[in-house]
2 protein chains.
Amino acid sequence: MALRYAILISLHEEAATGYEITKKFDQGMGFFWQASHQQIYLELKKMSDLGLVEFQHIEQDSKPDKKLYQITSQGIQALKDWLIQPVKTQTIKDSLLMKLYAGPLGSAQHLLDEVLRIKQEHVELLETFHAIEQEWFQNIDQQPLPYQYIYYTLRNGIHYVQSWLAWSEEVIPFLEKQAGAATR
Amino acid sequence: MALRYAILISLHEEAATGYEITKKFDQGMGFFWQASHQQIYLELKKMSDLGLVEFQHIEQDSKPDKKLYQITSQGIQALKDWLIQPVKTQTIKDSLLMKLYAGPLGSAQHLLDEVLRIKQEHVELLETFHAIEQEWFQNIDQQPLPYQYIYYTLRNGIHYVQSWLAWSEEVIPFLEKQAGAATR
DNA sequence: AAAATCATGTAAGCAGTTACATGATTAC
DNA sequence: GTAATCATGTAACTGCTTACATGATTTT
């Protein structure tokens, strides 16, 4: 049900089409919530039936028609109600850790390759996060309040990625040793 | 589908009943994979139909009958095949971050309470992890190889929890300031 | 007396993924 | 000519959660 509120938060910032919301989920919000266009279109329809959002048909030439959605006062209330619900503690579901746990039954070389690949992705993600921090969030306590809140979601991402990288520095030497031992 | 392989890994360690596997998921493996008893019983049945596991009926007096499951050679092969599949990069779905992103629309005090609550859970989890590390994984490079692999899944957990705690040290002062400003 | 432990399951429903479907326009 | 962008949707399926169901034994 959290997808519903992610969409409402997005529409509370500004009215948008399903297509535009989908793109937003690939960027900023995408760090802590993901959704496909199928899911988003379906949820928008449900929310429209419930009166949480409403839309205008916009005809375009040289481009397909679109539906511009905006949040209703009912939608704002539903969002506010949700914001004060307690959250469930996050659980981790990580199949890489499961494969590591299985240990010698698998291939150390394969695990090493996977860790290196994901490490590379995380290195790039960290660079992206740092670039965003530099560009958008300098002198954070002088920025508008909504920016300050968003800044801390970014900081969460930075800490998360850094912890993964720190761990990979521990596990890589171990896996290298195991992969080496297997081929000897 | 990863649940299937989590169960197979568990059964590869030792034969067990659905009930025992459920308990295992509340401990060690539970850090990186969770499953309810309903899901586990259902999956065991499917796997039994597929020949990946087999079971013996065991009658007990003063306790309900049980089914002791063990992995078959087919199951071991399926597990090995799965272990060398590439993993998808983990995505984060965290509704607390979403609520933080929504910022001034919500209540800073509520967010603060939630962060403090989850921080407390993480502090306790870190203590548990450190205790396990002390008790089971001292002189790690002299331990049996399967233990060494499992050790690195524990290390992942420690890094993860620590990064969350480090982040909470950043966000708590900010939320305290906002909560204070709102009541003044 | 109440709650926890042992032990297994069914059924309904929701959330999310994957596949399928269309079609014009614009950029490479 | 091929691929990407704009823009929306349906349908089938899988994975998971929540609720319901039973019942003896043991611990508090």
# chains A, B, ... in the order shown; residues from 1 in each chain; ligands from 1
>>> closest_atom_pairs(of="chain D", to="chain A", cutoff="8 Å", atoms="only C-alpha atoms (C1' of nucleotides)", output="tab-separated table")
residue	atom	partner	partner_atom	distance
D:DC6	C1'	A:Lys63	CA	6.5
D:DA7	C1'	A:Pro64	CA	5.6
D:DT8	C1'	A:Lys66	CA	7.9
D:DG9	C1'	A:Tyr41	CA	7.8
>>> select_by_dssp(residues="chain B", states="alpha helix (DSSP H)", output="VMD selection string")
chain B and resid 2 to 13 18 to 26 37 to 50 73 to 83 95 to 102 108 to 136 145 to 183
>>> residues_around(residues="Phe174 (chain B)", least_positions_apart="2", cutoff="10 Å", atoms="only C-alpha atoms (C1' of nucleotides)", output="PDB file with N, CA and C atoms, in the first residue's frame")
ATOM      1  N   ASP A 141      21.548  23.970   5.877  1.00  0.00           N
ATOM      2  CA  ASP A 141      20.630  24.614   6.832  1.00  0.00           C
ATOM      3  C   ASP A 141      20.129  25.972   6.350  1.00  0.00           C
ATOM      4  N   GLN A 148      15.667  20.234   3.088  1.00  0.00           N
ATOM      5  CA  GLN A 148      16.449  19.720   4.213  1.00  0.00           C
ATOM      6  C   GLN A 148      16.024  18.292   4.558  1.00  0.00           C
ATOM      7  N   TYR A 149      14.720  18.045   4.535  1.00  0.00           N
ATOM      8  CA  TYR A 149      14.238  16.680   4.790  1.00  0.00           C
ATOM      9  C   TYR A 149      14.758  15.715   3.723  1.00  0.00           C
ATOM     10  N   TYR A 152      18.293  14.412   4.056  1.00  0.00           N
ATOM     11  CA  TYR A 152      18.580  13.305   4.968  1.00  0.00           C
ATOM     12  C   TYR A 152      18.226  11.944   4.372  1.00  0.00           C
TER      13      TYR A 152
ATOM     14  N   ALA B 108       7.231  16.273  12.529  1.00  0.00           N
ATOM     15  CA  ALA B 108       8.634  16.033  12.866  1.00  0.00           C
ATOM     16  C   ALA B 108       8.738  15.213  14.150  1.00  0.00           C
ATOM     17  N   LEU B 112      10.637  11.720  14.561  1.00  0.00           N
ATOM     18  CA  LEU B 112      11.677  11.592  15.575  1.00  0.00           C
ATOM     19  C   LEU B 112      11.427  10.363  16.445  1.00  0.00           C
ATOM     20  N   SER B 168      21.395   7.776  11.856  1.00  0.00           N
ATOM     21  CA  SER B 168      20.444   8.267  12.864  1.00  0.00           C
ATOM     22  C   SER B 168      21.080   9.382  13.704  1.00  0.00           C
ATOM     23  N   GLU B 169      22.396   9.322  13.901  1.00  0.00           N
ATOM     24  CA  GLU B 169      23.083  10.389  14.643  1.00  0.00           C
ATOM     25  C   GLU B 169      23.035  11.719  13.885  1.00  0.00           C
ATOM     26  N   GLU B 170      22.900  11.624  12.565  1.00  0.00           N
ATOM     27  CA  GLU B 170      22.787  12.856  11.771  1.00  0.00           C
ATOM     28  C   GLU B 170      21.370  13.397  11.775  1.00  0.00           C
ATOM     29  N   VAL B 171      20.413  12.490  11.613  1.00  0.00           N
ATOM     30  CA  VAL B 171      19.039  12.934  11.384  1.00  0.00           C
ATOM     31  C   VAL B 171      18.333  13.300  12.688  1.00  0.00           C
ATOM     32  N   ILE B 172      18.727  12.674  13.797  1.00  0.00           N
ATOM     33  CA  ILE B 172      18.058  12.945  15.074  1.00  0.00           C
ATOM     34  C   ILE B 172      18.163  14.420  15.486  1.00  0.00           C
ATOM     35  N   GLU B 176      14.955  16.801  15.983  1.00  0.00           N
ATOM     36  CA  GLU B 176      14.735  17.439  17.291  1.00  0.00           C
ATOM     37  C   GLU B 176      14.519  18.941  17.104  1.00  0.00           C
ATOM     38  N   LYS B 177      15.331  19.525  16.243  1.00  0.00           N
ATOM     39  CA  LYS B 177      15.207  20.955  15.977  1.00  0.00           C
ATOM     40  C   LYS B 177      13.834  21.269  15.373  1.00  0.00           C
ATOM     41  N   GLN B 178      13.418  20.442  14.403  1.00  0.00           N
ATOM     42  CA  GLN B 178      12.137  20.680  13.737  1.00  0.00           C
ATOM     43  C   GLN B 178      10.965  20.472  14.690  1.00  0.00           C
ATOM     44  N   ALA B 179      11.062  19.411  15.502  1.00  0.00           N
ATOM     45  CA  ALA B 179       9.980  19.124  16.452  1.00  0.00           C
ATOM     46  C   ALA B 179       9.888  20.249  17.477  1.00  0.00           C
ATOM     47  N   GLY B 180      11.036  20.754  17.902  1.00  0.00           N
ATOM     48  CA  GLY B 180      11.072  21.866  18.846  1.00  0.00           C
ATOM     49  C   GLY B 180      10.473  23.126  18.260  1.00  0.00           C
TER      50      GLY B 180
END
>>> interface_residues(of="chain C", to="chain A", cutoff="12 Å", atoms="only C-alpha atoms (C1' of nucleotides)", output="PyMOL selection string")
chain C and resi 14-19+22-26
>>> write_last_selection(atoms="C-alpha atoms (C1' of nucleotides)", output="short mmCIF file (atom, residue, chain, number, x, y, z; two decimals), in the first residue's frame")
data_model
loop_
_atom_site.label_atom_id
_atom_site.label_comp_id
_atom_site.auth_asym_id
_atom_site.auth_seq_id
_atom_site.Cartn_x
_atom_site.Cartn_y
_atom_site.Cartn_z
"C1'" DC C 14 -3.00 -8.02 -2.09
"C1'" DA C 15 1.33 -6.46 -4.16
"C1'" DG C 16 4.35 -6.87 -7.64
"C1'" DT C 17 6.54 -8.96 -11.94
"C1'" DT C 18 6.51 -10.40 -16.63
"C1'" DA C 19 4.58 -10.56 -20.89
"C1'" DT C 22 -0.46 -0.21 -29.68
"C1'" DG C 23 1.33 3.68 -32.36
"C1'" DA C 24 3.14 8.20 -33.66
"C1'" DT C 25 7.36 11.09 -33.40
"C1'" DT C 26 12.04 12.17 -32.97
#
>>> atom_distance(atom1="CA of Ala16 (chain B)", atom2="CA of Gly106 (chain A)")
21.6 Å
>>> residues_around(residues="DA4 (chain C)", least_positions_apart="4", cutoff="12 Å", atoms="only C-alpha atoms (C1' of nucleotides)", output="ChimeraX atom specification")
/D:25-28
>>> residues_around(residues="region 113-120 of chain A", least_positions_apart="3", cutoff="9 Å", atoms="only C-alpha atoms (C1' of nucleotides)", output="PDB file with N, CA and C atoms, in the first residue's frame")
ATOM      1  N   LEU A  96      22.183 -12.571  -2.358  1.00  0.00           N
ATOM      2  CA  LEU A  96      23.643 -12.702  -2.391  1.00  0.00           C
ATOM      3  C   LEU A  96      24.155 -13.221  -1.043  1.00  0.00           C
ATOM      4  N   ALA A 108      33.361 -20.128  -5.143  1.00  0.00           N
ATOM      5  CA  ALA A 108      33.930 -18.895  -4.589  1.00  0.00           C
ATOM      6  C   ALA A 108      34.217 -17.894  -5.708  1.00  0.00           C
ATOM      7  N   GLN A 109      34.650 -18.397  -6.859  1.00  0.00           N
ATOM      8  CA  GLN A 109      34.950 -17.501  -7.983  1.00  0.00           C
ATOM      9  C   GLN A 109      33.686 -16.774  -8.432  1.00  0.00           C
ATOM     10  N   HIS A 110      32.580 -17.506  -8.500  1.00  0.00           N
ATOM     11  CA  HIS A 110      31.334 -16.881  -8.903  1.00  0.00           C
ATOM     12  C   HIS A 110      30.896 -15.819  -7.903  1.00  0.00           C
ATOM     13  N   VAL A 123      30.008   1.774  -6.187  1.00  0.00           N
ATOM     14  CA  VAL A 123      30.989   2.857  -6.339  1.00  0.00           C
ATOM     15  C   VAL A 123      30.383   3.969  -7.196  1.00  0.00           C
ATOM     16  N   GLU A 124      29.734   3.557  -8.276  1.00  0.00           N
ATOM     17  CA  GLU A 124      29.122   4.543  -9.177  1.00  0.00           C
ATOM     18  C   GLU A 124      27.956   5.267  -8.509  1.00  0.00           C
ATOM     19  N   LEU A 125      27.192   4.507  -7.742  1.00  0.00           N
ATOM     20  CA  LEU A 125      26.062   5.097  -7.040  1.00  0.00           C
ATOM     21  C   LEU A 125      26.536   6.130  -6.024  1.00  0.00           C
ATOM     22  N   TRP A 164      28.117  -0.890   2.543  1.00  0.00           N
ATOM     23  CA  TRP A 164      28.256  -2.027   1.642  1.00  0.00           C
ATOM     24  C   TRP A 164      29.695  -2.100   1.104  1.00  0.00           C
ATOM     25  N   LEU A 165      30.233  -0.942   0.760  1.00  0.00           N
ATOM     26  CA  LEU A 165      31.600  -0.906   0.224  1.00  0.00           C
ATOM     27  C   LEU A 165      32.610  -1.339   1.290  1.00  0.00           C
ATOM     28  N   SER A 168      32.468  -5.020   1.507  1.00  0.00           N
ATOM     29  CA  SER A 168      33.063  -5.683   0.345  1.00  0.00           C
ATOM     30  C   SER A 168      34.592  -5.715   0.477  1.00  0.00           C
ATOM     31  N   VAL A 171      35.166  -8.857   2.521  1.00  0.00           N
ATOM     32  CA  VAL A 171      34.817 -10.179   1.980  1.00  0.00           C
ATOM     33  C   VAL A 171      35.618 -10.496   0.711  1.00  0.00           C
ATOM     34  N   ILE A 172      36.023  -9.478  -0.028  1.00  0.00           N
ATOM     35  CA  ILE A 172      36.750  -9.727  -1.285  1.00  0.00           C
ATOM     36  C   ILE A 172      38.067 -10.496  -1.047  1.00  0.00           C
TER      37      ILE A 172
ATOM     38  N   PRO B  86      23.353 -15.281 -11.661  1.00  0.00           N
ATOM     39  CA  PRO B  86      23.662 -13.937 -11.174  1.00  0.00           C
ATOM     40  C   PRO B  86      22.537 -13.414 -10.282  1.00  0.00           C
ATOM     41  N   VAL B  87      22.893 -12.625  -9.281  1.00  0.00           N
ATOM     42  CA  VAL B  87      21.880 -12.030  -8.410  1.00  0.00           C
ATOM     43  C   VAL B  87      21.467 -10.668  -8.966  1.00  0.00           C
ATOM     44  N   THR B  89      20.698  -6.804  -8.308  1.00  0.00           N
ATOM     45  CA  THR B  89      21.139  -5.839  -7.305  1.00  0.00           C
ATOM     46  C   THR B  89      19.960  -5.517  -6.388  1.00  0.00           C
TER      47      THR B  89
END
>>> select_by_dssp(residues="region 30-118 of chain B", states="strand (DSSP E or B)", output="NGL selection string")
:B and (53-58 or 66-71)
>>> atom_distance(atom1="CA of Ser73 (chain B)", atom2="CA of Ala182 (chain A)")
22.9 Å
>>> atom_distance(atom1="C1' of DA12 (chain C)", atom2="C1' of DC13 (chain D)")
16.4 Å
>>> closest_residue(among="B:Trp33, B:Phe25, B:Phe129, B:Tyr147", to="chain A", atoms="only C-alpha atoms")
B:Trp33
>>> residues_around(residues="Gly30 (chain A)", least_positions_apart="6", cutoff="10 Å", atoms="only C-alpha atoms (C1' of nucleotides)", output="PyMOL selection string")
(chain A and resi 22-24) or (chain B and resi 91-93)
>>> closest_residue(among="D:DA3, D:DA19, D:DA24, D:DA11", to="DA21 (chain C)", atoms="only C-alpha atoms (C1' of nucleotides)")
D:DA11
>>> residues_around(residues="DG13 (chain C)", least_positions_apart="6", cutoff="12 Å", atoms="only C-alpha atoms (C1' of nucleotides)", output="PyMOL selection string")
chain D and resi 16-19
>>> write_last_selection(atoms="N, CA and C atoms (P, O5', C5', C4', C3', O3' and C1' of nucleotides)", output="mmCIF file, in the first residue's frame")
data_model
loop_
_atom_site.group_PDB
_atom_site.id
_atom_site.type_symbol
_atom_site.label_atom_id
_atom_site.label_comp_id
_atom_site.auth_asym_id
_atom_site.auth_seq_id
_atom_site.Cartn_x
_atom_site.Cartn_y
_atom_site.Cartn_z
ATOM 1 P P DC D 16 8.650 -14.418 -1.574
ATOM 2 O "O5'" DC D 16 7.455 -13.845 -0.702
ATOM 3 C "C5'" DC D 16 7.015 -12.487 -0.920
ATOM 4 C "C4'" DC D 16 5.791 -12.225 -0.086
ATOM 5 C "C3'" DC D 16 5.851 -12.820 1.315
ATOM 6 O "O3'" DC D 16 5.978 -11.734 2.227
ATOM 7 C "C1'" DC D 16 3.703 -13.128 0.273
ATOM 8 P P DT D 17 5.669 -11.937 3.810
ATOM 9 O "O5'" DT D 17 4.129 -11.551 3.931
ATOM 10 C "C5'" DT D 17 3.653 -10.337 3.341
ATOM 11 C "C4'" DT D 17 2.218 -10.089 3.778
ATOM 12 C "C3'" DT D 17 1.978 -10.267 5.272
ATOM 13 O "O3'" DT D 17 1.192 -9.153 5.696
ATOM 14 C "C1'" DT D 17 0.511 -11.679 4.031
ATOM 15 P P DT D 18 0.748 -9.018 7.248
ATOM 16 O "O5'" DT D 18 -0.730 -9.598 7.276
ATOM 17 C "C5'" DT D 18 -1.682 -9.195 6.288
ATOM 18 C "C4'" DT D 18 -3.007 -9.879 6.573
ATOM 19 C "C3'" DT D 18 -3.305 -10.113 8.056
ATOM 20 O "O3'" DT D 18 -4.633 -9.646 8.296
ATOM 21 C "C1'" DT D 18 -3.468 -12.155 6.859
ATOM 22 P P DA D 19 -5.287 -9.739 9.790
ATOM 23 O "O5'" DA D 19 -6.288 -10.970 9.623
ATOM 24 C "C5'" DA D 19 -7.015 -11.131 8.397
ATOM 25 C "C4'" DA D 19 -7.701 -12.478 8.398
ATOM 26 C "C3'" DA D 19 -8.136 -12.962 9.784
ATOM 27 O "O3'" DA D 19 -9.510 -13.315 9.696
ATOM 28 C "C1'" DA D 19 -6.951 -14.666 8.662
#
